[in-house]
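Structure record follows, encoded as structure tokens.
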Number of protein chains: 2
Amino acid sequence: MIEKIGDWERSHYSKQLNAEMDSQQAIVMGWVRELRDLGKVKFIKLADREGFVQIIVKKDMDEEILKKFKELGREDVIAVKGTVKASKMAPNGVEILPSEIRILNVSERPLPLELETRKTPAELVTRLNSRFLDLRKHEVAAIFCISDSLKRSFFDYFKTQGFIDLNTPIIVEAAAEGGATLFALDYFGKEAYLNQSPQLYKQMVLASGFDKVNIISRVFRAEPHDTPRHLNELVQMDAEQAFIRSEEDVLKHFDGYLQYAIENLNKNCAEQLKLIDFKIEGLTFPIKRLPYDEALDELKKVGIELKWGEDLTPEAEKKLCELYNPVLITKWPSSVKPFYCMKEDDPKYSKGFDLLLNGTEISSGAQREHRYEELVKNLKEKGLDPVDFEFYLNAFKFGMPPHGGWSIGLERLTMTLLKLANIKEASLFPRTKERLIP
Amino acid sequence: MIEKIGDWERSHYSKQLNAEMDSQQAIVMGWVRELRDLGKVKFIKLADREGFVQIIVKKDMDEEILKKFKELGREDVIAVKGTVKASKMAPNGVEILPSEIRILNVSERPLPLELETRKTPAELVTRLNSRFLDLRKHEVAAIFCISDSLKRSFFDYFKTQGFIDLNTPIIVEAAAEGGATLFALDYFGKEAYLNQSPQLYKQMVLASGFDKVNIISRVFRAEPHDTPRHLNELVQMDAEQAFIRSEEDVLKHFDGYLQYAIENLNKNCAEQLKLIDFKIEGLTFPIKRLPYDEALDELKKVGIELKWGEDLTPEAEKKLCELYNPVLITKWPSSVKPFYCMKEDDPKYSKGFDLLLNGTEISSGAQREHRYEELVKNLKEKGLDPVDFEFYLNAFKFGMPPHGGWSIGLERLTMTLLKLANIKEASLFPRTKERLIP
């Protein structure tokens, strides 16, 4: 029943067909999304990754074709050789009159997930359980085309800025920042952890002569909460730069990267943005820098009172983005920033910053402390033992230049930029407390 | 003693300076690699990521500069503002006469690792223990510039071929292929593993409509051996493609990718190749396809007898590359290929292949079995329980197209292409049984 593809090669994706190709031969391949039999004329709605094309089977066609049509079921995989016919009635302005149909694979029925989205949309959990089917919906696939573009833009932007892409380890001996929850594993008899950030490693690399580095890696957080904006495994994009004058030298790359990424989305993912009915708009560049103290003042004016030294609440983040979007909150209290963050001359304040976009924090960074003695002092102040960080501190003893950088989570950037309701929408196979499969 | 960088911004890397800039002002930054004091004239050999530049301090210069020179030690981080002077005596044809020197950080002495490579080279283990110092040697950094280029070429090549880059999970419930040694971890009370390959996930994605995908991920192998060609954590680059006619449709991308990657290396990494005194030569394209049976015949002729059904020994791999380089060994016995590998019409043989380059296997792939019933049969034949693979098998029930692909390890590709003696040379912070730190 399942046939071989033989020497057939797809000649066109559905979207590549147009009325000017009338009478040409074509081979299309994909999934049988819908079947309609009106007696004299029968329709196959064929889906491929780019869209749909209509195949017309007529009563007077070859017996073999009519027989094949009867065998077909929804989501079977087929290849169709035929003649392109311009048609004002067809969805794309073209349809295909088949000369041969090959059934490459068959599908069980019923489907665990309905693919025709005019019907009631499935629950997210049902969709994620059958992600391979969920992705056949073009509006779901669109999110991952957009995510691919955001990641590629990061990779390409930092290359144009003279950065080198490097790979740092996932399995590490020490917690990057202490305190946070980590996944532990047995590493040939030693206890090891999955890295929660390449932070310490990317800083160590800056003692190496490589003075501009970017790292796209996987990071892991073992927090047991299951919220709409947290994942336990995520794609993190990091940049770090040496010989900086101040944090402004790394902050400027937010303007550079985000503008470049959005430009690429509008240029290369216009179809996908249309599919999810979304326009990226209302964002202001260059990004407003708002010192923490001023942010607190602004919030007070709109009735949100935060104690100095507290982190911003999700409500506060939302409010600030109503005023400025995106916005960089700078000059944070040292007490809420990690030990590797450099302090201002007034040590109550740090050179750390957060980026808020569409109401959510999507990135953190800082100018880092590059002076060995200060760093040891900072560690102790945070209640951490310098002995646990020896492998890292060593890199500060033999000539560490001033430096800083930031990281941004790909899934959270995708979710926030597209205003998705749940970060799991932006992860192909999300990992949360409840989800280890598929 | 440590000074601030102030508003200084590097104007040039050392390599950007040339004799035509005579009399211009410049700011350079980097590490004090060497100091020489000849009395009337003193030299600083300043290293940055691109190379070296000579700073000349003369007896009649400002007191402040002479004082700074005395303070300086090897590997201190400095910034130098001064005048470029053309000089036929200087290594690059230029030197810098400083008007001001700022000491941005200092280095402890002695160094744990000697950086002047004309002396006896350090043992690899010493180098890896102080990797941040080791990387200051330009010939070590060069390997990672080349590795970055090989990875970027993969990312870019597959984009031009219409592939989408996706991210699949690292933490998984099931072993990808059974049998192999895995790192286990506790995932919120459930036993989970670090993925040894995105294989099963990238195949599942091909049931989704995305018919050409590439994945650059981290993979983990818990084998306890410590050999010159194995790592326990590595960067794997995967490609997978649906609607193929045969494995030749994916094999052709070896020709495409490798030629593109080498072209980019020769174009963009010419300096780095010169630094490690290496030319990529003697490779023949399109890559010779050599069926397994013929490979055995060729080996027999040169005195290496392998039993049919055995994997190739390292010695055999070396021999075959003396005949053809690179070479694709195709039509392997099914018995040595994994369960997801499609069989030939004669089921003794499979549609699996290996790529050998410079004497070492660097990649494996296959046309995959896309028919549910056959796949279940294959699993059982290999002694695996289909129940353990349910999350994966599900994707084959609802319309899986014919497909195939391959993966290539970045570190092994780098090592093999550059003929490095040890794969650890190609990993920034290698992970082996003995190495969890740094």
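Ligands are numbered from 1 in the order shown, residues from 1 within each chain, and chains are lettered A, B, ... in the order they appear in the structure tokens.
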Using only C-alpha atoms, which residues sit within 8 Å of Glu310 (chain B) once same-chain residues fewer than 3 positions away are excluded, as a PyMOL selection string? chain B and resi 306-307+336
Using only C-alpha atoms, tabulate the residues of region 111-207 of chain A lying at most 10 Å from any atom of region 74-89 of chain A, each with its closest atom pair and that distance in Å to one decimal, by chain and increasing residue number, as a tab-separated table.
```
residue	atom	partner	partner_atom	distance
A:Leu111	CA	A:Glu75	CA	8.6
A:Leu115	CA	A:Glu75	CA	9.5
A:Leu133	CA	A:Glu75	CA	9.5
A:Arg136	CA	A:Glu75	CA	9.8
```
Within 7 Å of chain B, which residues of chain A come that close, and what is the closest atom pair and distance in Å for each? Count only C-alpha atoms and give it as CSV.
```
residue,atom,partner,partner_atom,distance
A:Ile5,CA,B:Arg245,CA,6.0
A:Gly6,CA,B:Arg245,CA,6.1
A:Asp7,CA,B:Arg245,CA,5.9
A:Trp8,CA,B:Arg245,CA,6.8
A:Asp48,CA,B:Gly209,CA,6.0
A:Arg49,CA,B:Gly209,CA,4.9
A:Glu75,CA,B:Gly399,CA,5.7
A:Asp76,CA,B:Gly399,CA,5.2
A:Val77,CA,B:Gly399,CA,5.5
A:Leu104,CA,B:Pro401,CA,6.5
A:Asn105,CA,B:Gly399,CA,5.6
A:Val106,CA,B:Gly399,CA,5.4
A:Ser107,CA,B:Phe398,CA,3.9
A:Glu108,CA,B:Phe398,CA,5.4
A:Phe132,CA,B:Ser208,CA,4.5
A:Leu133,CA,B:Ser208,CA,5.6
A:Leu135,CA,B:Ser208,CA,5.1
A:Arg136,CA,B:Ser208,CA,5.0
A:Asp148,CA,B:Asp165,CA,5.8
A:Ile164,CA,B:Asp148,CA,6.9
A:Asp165,CA,B:Asp148,CA,5.8
A:Leu166,CA,B:Asp148,CA,6.7
A:Asn167,CA,B:Leu428,CA,6.9
A:Thr168,CA,B:Phe429,CA,6.5
A:Pro169,CA,B:Phe429,CA,6.5
A:Val172,CA,B:Leu436,CA,6.3
A:Glu173,CA,B:Leu436,CA,6.3
A:Ala184,CA,B:Leu185,CA,6.3
A:Leu185,CA,B:Leu185,CA,4.9
A:Phe188,CA,B:Lys433,CA,6.4
A:Met204,CA,B:Phe132,CA,6.2
A:Val205,CA,B:Phe132,CA,5.8
A:Ala207,CA,B:Phe132,CA,5.7
A:Ser208,CA,B:Phe132,CA,4.5
A:Gly209,CA,B:Arg49,CA,4.9
A:Phe210,CA,B:Arg49,CA,5.6
A:Arg245,CA,B:Asp7,CA,5.9
A:Phe391,CA,B:Pro438,CA,5.5
A:Ala395,CA,B:Phe132,CA,6.4
A:Lys397,CA,B:Ser107,CA,5.7
A:Phe398,CA,B:Ser107,CA,3.9
A:Gly399,CA,B:Ser107,CA,4.7
A:Met400,CA,B:Asn105,CA,6.4
A:Pro401,CA,B:Val77,CA,6.2
A:Leu428,CA,B:Thr168,CA,6.7
A:Phe429,CA,B:Pro169,CA,6.5
A:Lys433,CA,B:Phe188,CA,6.4
A:Leu436,CA,B:Glu173,CA,6.3
A:Ile437,CA,B:Glu173,CA,6.6
A:Pro438,CA,B:Phe391,CA,5.5
```
Write down as a PyMOL selection string the residues of region 196-262 of chain B whose backbone DSSP state falls under strand (DSSP E). chain B and resi 212-220+233-242
Need the shell around region 292-304 of chain B: protein/DNA/RNA residues with any atom at most 7 Å away, counting only C-alpha atoms. Skip same-chain ones fewer than 6 positions apart. Format as a PDB file with N, CA and C atoms, in the first residue's frame?
```pdb
ATOM      1  N   ALA B 316      42.011   0.436   9.236  1.00  0.00           N
ATOM      2  CA  ALA B 316      41.320   0.325   7.951  1.00  0.00           C
ATOM      3  C   ALA B 316      40.891   1.708   7.446  1.00  0.00           C
ATOM      4  N   ILE B 329      31.806   5.630   2.785  1.00  0.00           N
ATOM      5  CA  ILE B 329      31.554   4.191   2.774  1.00  0.00           C
ATOM      6  C   ILE B 329      30.031   4.006   2.855  1.00  0.00           C
ATOM      7  N   THR B 330      29.456   3.376   1.827  1.00  0.00           N
ATOM      8  CA  THR B 330      27.996   3.228   1.732  1.00  0.00           C
ATOM      9  C   THR B 330      27.610   1.757   1.799  1.00  0.00           C
ATOM     10  N   LYS B 331      26.305   1.506   1.792  1.00  0.00           N
ATOM     11  CA  LYS B 331      25.773   0.127   1.746  1.00  0.00           C
ATOM     12  C   LYS B 331      26.373  -0.769   2.832  1.00  0.00           C
ATOM     13  N   TRP B 332      26.307  -0.300   4.058  1.00  0.00           N
ATOM     14  CA  TRP B 332      26.826  -1.062   5.203  1.00  0.00           C
ATOM     15  C   TRP B 332      25.937  -2.262   5.514  1.00  0.00           C
TER      16      TRP B 332
END
```
Would you please give, as a PyMOL selection string, all residues of region 235-406 of chain A that DSSP assigns to alpha helix (DSSP H) based on the backbone? chain A and resi 248-268+270-275+292-301+314-323+372-381+390-393
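Note that CA of Lys45 (chain A) and CA of Arg33 (chain A) are 5.5 Å apart.
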Long-range neighbours of region 253-269 of chain A as a ChimeraX atom specification, 9 Å cut-off, only C-alpha atoms, 2 positions minimum in chain: /A:142,145-146,149-154,157-158,248-251,271-274,279-280,285-287,355
Selection above as a file: N, CA, C and O atoms, as a tab-separated table (two decimals), in the first residue's frame:
```tsv
chain	number	residue	atom	x	y	z
A	142	ALA	N	5.07	28.88	11.95
A	142	ALA	CA	5.53	30.27	11.75
A	142	ALA	C	6.34	30.75	12.95
A	142	ALA	O	7.35	31.45	12.79
A	145	CYS	N	9.85	29.55	12.59
A	145	CYS	CA	10.58	30.27	11.54
A	145	CYS	C	11.05	31.62	12.10
A	145	CYS	O	12.18	32.06	11.85
A	146	ILE	N	10.20	32.25	12.88
A	146	ILE	CA	10.53	33.54	13.48
A	146	ILE	C	11.65	33.37	14.52
A	146	ILE	O	12.60	34.14	14.56
A	149	SER	N	14.88	32.92	12.86
A	149	SER	CA	15.37	34.20	12.36
A	149	SER	C	15.98	35.05	13.48
A	149	SER	O	17.01	35.70	13.29
A	150	LEU	N	15.36	35.04	14.66
A	150	LEU	CA	15.90	35.81	15.80
A	150	LEU	C	17.26	35.26	16.22
A	150	LEU	O	18.17	36.03	16.56
A	151	LYS	N	17.42	33.95	16.19
A	151	LYS	CA	18.69	33.33	16.56
A	151	LYS	C	19.75	33.62	15.49
A	151	LYS	O	20.89	33.97	15.80
A	152	ARG	N	19.37	33.48	14.26
A	152	ARG	CA	20.30	33.75	13.16
A	152	ARG	C	20.74	35.21	13.18
A	152	ARG	O	21.91	35.53	12.95
A	153	SER	N	19.82	36.10	13.48
A	153	SER	CA	20.16	37.52	13.54
A	153	SER	C	21.19	37.78	14.64
A	153	SER	O	22.09	38.61	14.48
A	154	PHE	N	21.04	37.08	15.76
A	154	PHE	CA	22.01	37.22	16.86
A	154	PHE	C	23.39	36.78	16.37
A	154	PHE	O	24.39	37.50	16.51
A	157	TYR	N	24.54	39.30	13.60
A	157	TYR	CA	24.81	40.67	14.09
A	157	TYR	C	26.16	40.73	14.80
A	157	TYR	O	26.98	41.60	14.52
A	158	PHE	N	26.38	39.79	15.72
A	158	PHE	CA	27.62	39.86	16.50
A	158	PHE	C	28.85	39.55	15.63
A	158	PHE	O	29.93	40.06	15.91
A	248	GLU	N	27.75	51.12	28.86
A	248	GLU	CA	27.14	51.64	27.64
A	248	GLU	C	27.71	50.96	26.38
A	248	GLU	O	27.00	50.79	25.39
A	249	ASP	N	28.98	50.54	26.46
A	249	ASP	CA	29.60	49.88	25.30
A	249	ASP	C	28.97	48.53	24.98
A	249	ASP	O	29.10	48.03	23.86
A	250	VAL	N	28.32	47.92	25.96
A	250	VAL	CA	27.60	46.67	25.65
A	250	VAL	C	26.10	46.91	25.49
A	250	VAL	O	25.43	46.24	24.72
A	251	LEU	N	25.59	47.92	26.21
A	251	LEU	CA	24.17	48.28	26.08
A	251	LEU	C	23.81	48.63	24.65
A	251	LEU	O	22.73	48.31	24.17
A	271	GLU	N	5.69	36.63	5.54
A	271	GLU	CA	4.63	35.62	5.39
A	271	GLU	C	4.20	35.07	6.75
A	271	GLU	O	3.01	34.91	7.03
A	272	GLN	N	5.20	34.75	7.57
A	272	GLN	CA	4.92	34.13	8.88
A	272	GLN	C	4.23	35.12	9.80
A	272	GLN	O	3.32	34.75	10.55
A	273	LEU	N	4.65	36.38	9.76
A	273	LEU	CA	4.01	37.39	10.60
A	273	LEU	C	2.55	37.57	10.17
A	273	LEU	O	1.66	37.75	11.01
A	274	LYS	N	2.32	37.49	8.86
A	274	LYS	CA	0.95	37.61	8.36
A	274	LYS	C	0.11	36.42	8.84
A	274	LYS	O	-1.04	36.59	9.25
A	279	LYS	N	1.85	42.35	13.75
A	279	LYS	CA	2.77	43.38	13.27
A	279	LYS	C	3.65	43.80	14.44
A	279	LYS	O	3.17	44.01	15.54
A	280	ILE	N	4.95	43.93	14.19
A	280	ILE	CA	5.83	44.42	15.24
A	280	ILE	C	5.79	45.94	15.18
A	280	ILE	O	6.27	46.54	14.21
A	285	PHE	N	13.37	53.22	19.28
A	285	PHE	CA	14.84	53.13	19.32
A	285	PHE	C	15.43	54.52	19.13
A	285	PHE	O	14.83	55.32	18.43
A	286	PRO	N	16.62	54.86	19.67
A	286	PRO	CA	17.38	54.01	20.58
A	286	PRO	C	16.61	53.77	21.87
A	286	PRO	O	15.79	54.59	22.28
A	287	ILE	N	16.91	52.66	22.51
A	287	ILE	CA	16.18	52.24	23.69
A	287	ILE	C	16.42	53.22	24.84
A	287	ILE	O	17.56	53.63	25.10
A	355	LEU	N	16.74	44.51	30.55
A	355	LEU	CA	15.97	45.00	29.40
A	355	LEU	C	14.53	44.52	29.51
A	355	LEU	O	14.27	43.32	29.66
```
One decimal, Å: what's the distance from CA of Glu369 (chain B) over to CA of His403 (chain B), could you say? 7.9 Å
One decimal, in Å: what's the spacing between CA of Asp22 (chain A) and CA of Lys40 (chain A)? 22.5 Å
Skip Pro314 (chain A) itself and residues of its chain fewer than 5 positions away, then list as a compact mmCIF listing (two decimals) with N, CA, C and O atoms, in the first residue's frame all residues within 10 Å of it, counting only C-alpha atoms.
```
# COMPACT_ATOMS: atom_id res chain seq x y z
N LYS A 319 3.95 48.16 33.73
CA LYS A 319 3.70 49.61 33.82
C LYS A 319 4.81 50.40 33.12
O LYS A 319 4.54 51.35 32.37
N GLY A 359 6.51 44.61 28.34
CA GLY A 359 6.03 44.30 29.67
C GLY A 359 6.75 43.20 30.42
O GLY A 359 6.38 42.87 31.54
N THR A 360 7.79 42.64 29.82
CA THR A 360 8.49 41.52 30.46
C THR A 360 10.00 41.71 30.39
O THR A 360 10.52 42.18 29.39
N GLU A 361 10.71 41.32 31.45
CA GLU A 361 12.17 41.32 31.44
C GLU A 361 12.64 40.22 30.51
O GLU A 361 12.26 39.06 30.68
```
Do a neighbour search on Leu375 (chain A) at 10 Å with only C-alpha atoms, toss out local chain neighbours closer than 4 positions, and write the hits as a ChimeraX atom specification. /A:339-342,368-371,379-381,386,393,396
Which residues are close to region 36-38 of chain B, i.e. within 12 Å by only C-alpha atoms, leaving aside same-chain residues fewer than 5 positions away? Reply as number ranges by chain. B: 43-46, 54-59, 66, 69-70, 72-74
Considering only C-alpha atoms, can you say which of A:Pro326, A:Pro291, A:Pro228, A:Pro333 comes closest to Asp311 (chain A)?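 Closest to Asp311 (chain A), using only C-alpha atoms: A:Pro333.
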